>>> print(open('query12.cif').read())   # mmCIF, C-alpha atoms, pLDDT in the B column; chains and numbers go by the auth columns
data_work
loop_
_atom_site.group_PDB
_atom_site.id
_atom_site.type_symbol
_atom_site.label_atom_id
_atom_site.label_comp_id
_atom_site.label_asym_id
_atom_site.label_seq_id
_atom_site.Cartn_x
_atom_site.Cartn_y
_atom_site.Cartn_z
_atom_site.B_iso_or_equiv
_atom_site.auth_seq_id
_atom_site.auth_asym_id
ATOM 1 C CA MET A 1 123.869 99.057 122.736 39.00 23 A
ATOM 2 C CA ASP A 2 120.335 98.824 121.304 46.00 24 A
ATOM 3 C CA ARG A 3 117.917 96.634 123.193 50.00 25 A
ATOM 4 C CA ASP A 4 115.549 94.185 121.536 64.00 26 A
ATOM 5 C CA ASP A 5 112.595 95.583 123.489 81.00 27 A
ATOM 6 C CA ARG A 6 112.580 98.621 121.158 87.00 28 A
ATOM 7 C CA VAL A 7 111.634 96.346 118.234 93.00 29 A
ATOM 8 C CA GLU A 8 107.928 95.872 117.637 95.00 30 A
ATOM 9 C CA THR A 9 106.677 93.077 115.386 96.00 31 A
ATOM 10 C CA LEU A 10 103.978 94.372 113.045 97.00 32 A
ATOM 11 C CA SER A 11 100.768 92.652 111.988 97.00 33 A
ATOM 12 C CA GLU A 12 100.193 91.851 108.329 96.00 34 A
ATOM 13 C CA ALA A 13 97.470 94.513 108.165 95.00 35 A
ATOM 14 C CA GLU A 14 99.820 97.154 109.589 97.00 36 A
ATOM 15 C CA CYS A 15 102.562 96.070 107.162 97.00 37 A
ATOM 16 C CA LEU A 16 100.252 96.537 104.181 95.00 38 A
ATOM 17 C CA ARG A 17 99.078 99.898 105.510 95.00 39 A
ATOM 18 C CA LEU A 18 102.680 101.076 105.842 97.00 40 A
ATOM 19 C CA LEU A 19 103.520 99.864 102.336 96.00 41 A
ATOM 20 C CA SER A 20 100.784 102.117 100.992 94.00 42 A
ATOM 21 C CA THR A 21 102.628 105.153 102.418 96.00 43 A
ATOM 22 C CA VAL A 22 105.804 104.874 100.316 96.00 44 A
ATOM 23 C CA PRO A 23 106.213 104.824 96.509 92.00 45 A
ATOM 24 C CA VAL A 24 109.498 102.929 96.164 95.00 46 A
ATOM 25 C CA GLY A 25 110.819 99.643 97.524 97.00 47 A
ATOM 26 C CA ARG A 26 113.408 97.025 96.593 97.00 48 A
ATOM 27 C CA VAL A 27 112.765 93.731 94.857 97.00 49 A
ATOM 28 C CA VAL A 28 115.116 90.805 95.455 96.00 50 A
ATOM 29 C CA TYR A 29 115.282 88.216 92.695 95.00 51 A
ATOM 30 C CA THR A 30 117.752 86.015 90.839 92.00 52 A
ATOM 31 C CA GLU A 31 119.563 87.280 87.761 89.00 53 A
ATOM 32 C CA HIS A 32 122.150 85.095 86.014 88.00 54 A
ATOM 33 C CA ALA A 33 122.119 82.703 89.007 89.00 55 A
ATOM 34 C CA LEU A 34 123.073 85.525 91.399 92.00 56 A
ATOM 35 C CA PRO A 35 120.979 87.528 93.858 94.00 57 A
ATOM 36 C CA ALA A 36 119.922 90.915 92.511 94.00 58 A
ATOM 37 C CA VAL A 37 118.301 93.839 94.318 95.00 59 A
ATOM 38 C CA LEU A 38 116.655 96.697 92.477 93.00 60 A
ATOM 39 C CA PRO A 39 114.660 99.734 93.614 94.00 61 A
ATOM 40 C CA LEU A 40 111.236 99.833 91.958 94.00 62 A
ATOM 41 C CA SER A 41 108.144 101.985 91.966 93.00 63 A
ATOM 42 C CA PHE A 42 105.162 100.050 93.257 95.00 64 A
ATOM 43 C CA ASP A 43 101.572 100.353 94.276 94.00 65 A
ATOM 44 C CA LEU A 44 99.317 98.287 96.487 93.00 66 A
ATOM 45 C CA ALA A 45 96.379 97.087 94.362 90.00 67 A
ATOM 46 C CA PRO A 46 92.867 96.890 95.865 87.00 68 A
ATOM 47 C CA ASP A 47 93.060 93.073 95.703 88.00 69 A
ATOM 48 C CA GLY A 48 96.155 93.047 97.960 89.00 70 A
ATOM 49 C CA ARG A 49 98.745 92.370 95.267 94.00 71 A
ATOM 50 C CA LEU A 50 101.785 94.572 94.917 96.00 72 A
ATOM 51 C CA LEU A 51 102.123 95.997 91.422 96.00 73 A
ATOM 52 C CA LEU A 52 105.718 96.669 90.420 96.00 74 A
ATOM 53 C CA ALA A 53 106.604 98.886 87.451 94.00 75 A
ATOM 54 C CA VAL A 54 109.564 97.783 85.307 93.00 76 A
ATOM 55 C CA ARG A 55 111.082 98.920 82.045 90.00 77 A
ATOM 56 C CA ARG A 56 109.879 96.886 79.092 86.00 78 A
ATOM 57 C CA ASP A 57 113.411 96.305 77.763 80.00 79 A
ATOM 58 C CA SER A 58 114.897 95.297 81.104 83.00 80 A
ATOM 59 C CA THR A 59 116.320 91.961 82.189 85.00 81 A
ATOM 60 C CA THR A 60 114.413 92.571 85.422 88.00 82 A
ATOM 61 C CA ALA A 61 111.070 91.821 83.769 86.00 83 A
ATOM 62 C CA ARG A 62 112.376 88.461 82.543 86.00 84 A
ATOM 63 C CA GLY A 63 113.980 87.722 85.927 90.00 85 A
ATOM 64 C CA LEU A 64 110.773 88.380 87.855 94.00 86 A
ATOM 65 C CA ASP A 65 108.195 86.636 85.679 92.00 87 A
ATOM 66 C CA GLY A 66 107.018 83.378 87.232 94.00 88 A
ATOM 67 C CA THR A 67 109.468 83.391 90.133 95.00 89 A
ATOM 68 C CA VAL A 68 109.368 83.678 93.913 96.00 90 A
ATOM 69 C CA VAL A 69 110.762 87.034 94.996 97.00 91 A
ATOM 70 C CA ALA A 70 111.135 89.186 98.067 98.00 92 A
ATOM 71 C CA PHE A 71 110.090 92.824 98.205 98.00 93 A
ATOM 72 C CA GLN A 72 111.175 95.220 100.929 98.00 94 A
ATOM 73 C CA ALA A 73 110.204 98.803 101.698 98.00 95 A
ATOM 74 C CA ASP A 74 110.925 100.980 104.678 98.00 96 A
ATOM 75 C CA ARG A 75 110.961 104.423 106.177 97.00 97 A
ATOM 76 C CA LEU A 76 113.924 105.011 108.456 96.00 98 A
ATOM 77 C CA ASP A 77 115.242 108.034 110.318 94.00 99 A
ATOM 78 C CA PRO A 78 119.036 107.811 110.679 92.00 100 A
ATOM 79 C CA VAL A 79 119.125 110.597 113.279 92.00 101 A
ATOM 80 C CA THR A 80 116.663 109.062 115.754 91.00 102 A
ATOM 81 C CA ARG A 81 117.370 105.487 114.622 91.00 103 A
ATOM 82 C CA THR A 82 113.655 104.809 114.363 94.00 104 A
ATOM 83 C CA GLY A 83 111.368 103.669 111.600 97.00 105 A
ATOM 84 C CA TRP A 84 109.850 100.585 110.066 98.00 106 A
ATOM 85 C CA SER A 85 110.655 97.904 107.541 98.00 107 A
ATOM 86 C CA VAL A 86 108.298 95.519 105.738 98.00 108 A
ATOM 87 C CA LEU A 87 109.268 92.363 103.846 98.00 109 A
ATOM 88 C CA VAL A 88 106.929 90.564 101.430 98.00 110 A
ATOM 89 C CA HIS A 89 107.604 87.155 99.884 98.00 111 A
ATOM 90 C CA GLY A 90 105.538 85.772 97.037 97.00 112 A
ATOM 91 C CA ARG A 91 105.226 84.773 93.417 97.00 113 A
ATOM 92 C CA ALA A 92 105.690 87.425 90.752 97.00 114 A
ATOM 93 C CA ASP A 93 104.050 87.307 87.331 96.00 115 A
ATOM 94 C CA LEU A 94 103.865 89.803 84.493 95.00 116 A
ATOM 95 C CA LEU A 95 100.435 91.352 84.124 94.00 117 A
ATOM 96 C CA ARG A 96 98.995 90.068 80.885 93.00 118 A
ATOM 97 C CA ASP A 97 95.299 90.895 81.226 92.00 119 A
ATOM 98 C CA PRO A 98 94.614 94.052 79.126 94.00 120 A
ATOM 99 C CA GLU A 99 92.118 95.478 81.645 92.00 121 A
ATOM 100 C CA GLN A 100 94.540 95.062 84.554 91.00 122 A
ATOM 101 C CA ILE A 101 97.276 96.734 82.504 92.00 123 A
ATOM 102 C CA ARG A 102 94.958 99.648 81.678 92.00 124 A
ATOM 103 C CA ARG A 103 94.115 100.049 85.383 91.00 125 A
ATOM 104 C CA ALA A 104 97.825 100.058 86.276 91.00 126 A
ATOM 105 C CA LEU A 105 98.511 102.694 83.613 90.00 127 A
ATOM 106 C CA ARG A 106 95.603 104.840 84.846 90.00 128 A
ATOM 107 C CA SER A 107 96.983 104.665 88.397 88.00 129 A
ATOM 108 C CA GLY A 108 100.056 106.591 87.259 88.00 130 A
ATOM 109 C CA LEU A 109 102.449 103.824 88.290 90.00 131 A
ATOM 110 C CA ARG A 110 105.655 104.116 86.250 90.00 132 A
ATOM 111 C CA PRO A 111 109.173 102.664 86.519 89.00 133 A
ATOM 112 C CA TRP A 112 111.650 104.510 88.713 79.00 134 A
ATOM 113 C CA VAL A 113 113.660 105.054 85.542 77.00 135 A
ATOM 114 C CA GLY A 114 111.145 106.491 83.075 70.00 136 A
ATOM 115 C CA ASP A 115 109.578 104.371 80.374 67.00 137 A
ATOM 116 C CA PRO A 116 106.545 105.497 78.370 74.00 138 A
ATOM 117 C CA ASP A 117 105.536 101.858 77.808 82.00 139 A
ATOM 118 C CA PRO A 118 106.206 100.005 81.087 90.00 140 A
ATOM 119 C CA LEU A 119 105.553 96.424 82.062 93.00 141 A
ATOM 120 C CA PHE A 120 103.802 95.636 85.315 95.00 142 A
ATOM 121 C CA VAL A 121 104.558 92.721 87.584 96.00 143 A
ATOM 122 C CA ALA A 122 102.005 91.499 90.115 96.00 144 A
ATOM 123 C CA LEU A 123 103.412 90.106 93.352 97.00 145 A
ATOM 124 C CA VAL A 124 100.960 87.990 95.326 96.00 146 A
ATOM 125 C CA PRO A 125 101.945 88.266 99.004 96.00 147 A
ATOM 126 C CA GLU A 126 102.352 84.858 100.627 97.00 148 A
ATOM 127 C CA LEU A 127 104.381 85.927 103.653 98.00 149 A
ATOM 128 C CA VAL A 128 104.288 89.492 104.984 98.00 150 A
ATOM 129 C CA THR A 129 106.417 90.508 107.960 98.00 151 A
ATOM 130 C CA GLY A 130 107.484 93.804 109.421 98.00 152 A
ATOM 131 C CA ARG A 131 109.189 95.502 112.316 97.00 153 A
ATOM 132 C CA ARG A 132 109.094 98.954 113.822 97.00 154 A
ATOM 133 C CA LEU A 133 112.045 100.356 115.753 93.00 155 A
ATOM 134 C CA LEU A 134 110.764 102.591 118.537 91.00 156 A
ATOM 135 C CA PRO A 135 112.570 105.684 119.866 87.00 157 A
ATOM 136 C CA ALA A 136 115.119 105.259 122.634 81.00 158 A
ATOM 137 C CA GLY A 137 113.399 105.188 126.001 73.00 159 A
ATOM 138 C CA ARG A 138 110.243 103.587 124.579 70.00 160 A
ATOM 139 C CA THR A 139 109.780 99.869 124.716 65.00 161 A
ATOM 140 C CA VAL A 140 107.300 97.411 123.351 67.00 162 A
ATOM 141 C CA THR A 141 104.721 96.428 125.941 64.00 163 A
ATOM 142 C CA ARG A 142 104.638 92.657 126.221 56.00 164 A
ATOM 143 C CA PHE A 143 101.915 90.773 128.052 49.00 165 A
#
>>> encode(input="query12.cif", output="structure tokens")
Amino acid sequence: MDRDDRVETLSEAECLRLLSTVPVGRVVYTEHALPAVLPLSFDLAPDGRLLLAVRRDSTTARGLDGTVVAFQADRLDPVTRTGWSVLVHGRADLLRDPEQIRRALRSGLRPWVGDPDPLFVALVPELVTGRRLLPAGRTVTRF
């Protein structure tokens, strides 16, 4: 049985650092009044927003625009049962400013499923949480 003392709560700064190390996460939103989860390419913008790349013709773009969503990314090792997971909650809006769109295009960010003319969604983090699962035999030091 796993013990809770192997689970380390991460700071917001550490969560954002870890997010910058992976290119794909999952966005959770509502589609047709049901929960939907979709893997998306993303990038952490210098201003702290998450930029998500979506296909222009997708229902995802319409489902994300102007809504509160959750975004989750992780890196897990199933053999050692270690890794980390970060969860971000916030408001998502389509990027509409031409300069911001040009910057996103220059960054190389593209949808997971290719699209030569993607849309970008900016997620402003309002709540950022994360956990790291330490290797067996290591525990979180608590004071």
>>> resolve_selection(input="query12.cif", expression="the PyMOL selection byres ((chain A and resi 92) around 7)", output="mmCIF file with C-alpha atoms, in the coordinates of the input")
data_model
loop_
_atom_site.group_PDB
_atom_site.id
_atom_site.type_symbol
_atom_site.label_atom_id
_atom_site.label_comp_id
_atom_site.auth_asym_id
_atom_site.auth_seq_id
_atom_site.Cartn_x
_atom_site.Cartn_y
_atom_site.Cartn_z
ATOM 1 C CA VAL A 49 112.765 93.731 94.857
ATOM 2 C CA VAL A 50 115.116 90.805 95.455
ATOM 3 C CA TYR A 51 115.282 88.216 92.695
ATOM 4 C CA VAL A 91 110.762 87.034 94.996
ATOM 5 C CA PHE A 93 110.090 92.824 98.205
ATOM 6 C CA GLN A 94 111.175 95.220 100.929
ATOM 7 C CA LEU A 109 109.268 92.363 103.846
ATOM 8 C CA VAL A 110 106.929 90.564 101.430
ATOM 9 C CA HIS A 111 107.604 87.155 99.884
ATOM 10 C CA GLY A 112 105.538 85.772 97.037
#
>>> closest_residue(input="query12.cif", among="A:Glu148, A:Glu36, A:Asp139, A:Glu53", to="A:Asp79", atoms="only C-alpha atoms")
A:Asp139
>>> residues_around(input="query12.cif", residues="A:Pro140", least_positions_apart="6", cutoff="10 Å", atoms="all atoms listed in the file", output="list in words")
Leu74, Ala75, Val76, Arg77, Arg78, Asp79, Ser80, Ala83, Ile123, Ala126, Leu127, Leu131, Arg132 and Pro133 of chain A
>>> resolve_selection(input="query12.cif", expression="the PyMOL selection byres ((chain A and resi 108) around 9)", output="VMD selection string")
chain A and resid 32 37 to 38 40 to 41 93 to 96 106 to 107 109 to 110 150 to 154
>>> atom_distance(input="query12.cif", atom1="atom CA of A:Leu149", atom2="atom CA of A:Gly88")
16.8 Å
>>> closest_residue(input="query12.cif", among="A:Gly85, A:Gly47, A:Pro61, A:Gly130", to="A:Leu116", atoms="all atoms listed in the file")
A:Gly85
>>> resolve_selection(input="query12.cif", expression="the PyMOL selection byres ((chain A and resi 68) around 12)", output="JSON, numbers by chain")
{"A": [38, 39, 42, 65, 66, 67, 69, 70, 71, 72, 73, 122, 125, 126, 129]}
>>> write_last_selection(input="query12.cif", atoms="C-alpha atoms", output="PDB file, in the frame of the given file")
ATOM      1  CA  LEU A  38     100.252  96.537 104.181  1.00 95.00           C
ATOM      2  CA  ARG A  39      99.078  99.898 105.510  1.00 95.00           C
ATOM      3  CA  SER A  42     100.784 102.117 100.992  1.00 94.00           C
ATOM      4  CA  ASP A  65     101.572 100.353  94.276  1.00 94.00           C
ATOM      5  CA  LEU A  66      99.317  98.287  96.487  1.00 93.00           C
ATOM      6  CA  ALA A  67      96.379  97.087  94.362  1.00 90.00           C
ATOM      7  CA  ASP A  69      93.060  93.073  95.703  1.00 88.00           C
ATOM      8  CA  GLY A  70      96.155  93.047  97.960  1.00 89.00           C
ATOM      9  CA  ARG A  71      98.745  92.370  95.267  1.00 94.00           C
ATOM     10  CA  LEU A  72     101.785  94.572  94.917  1.00 96.00           C
ATOM     11  CA  LEU A  73     102.123  95.997  91.422  1.00 96.00           C
ATOM     12  CA  GLN A 122      94.540  95.062  84.554  1.00 91.00           C
ATOM     13  CA  ARG A 125      94.115 100.049  85.383  1.00 91.00           C
ATOM     14  CA  ALA A 126      97.825 100.058  86.276  1.00 91.00           C
ATOM     15  CA  SER A 129      96.983 104.665  88.397  1.00 88.00           C
TER      16      SER A 129
END
>>> atom_distance(input="query12.cif", atom1="atom CA of A:Glu121", atom2="atom CA of A:Ser63")
20.1 Å
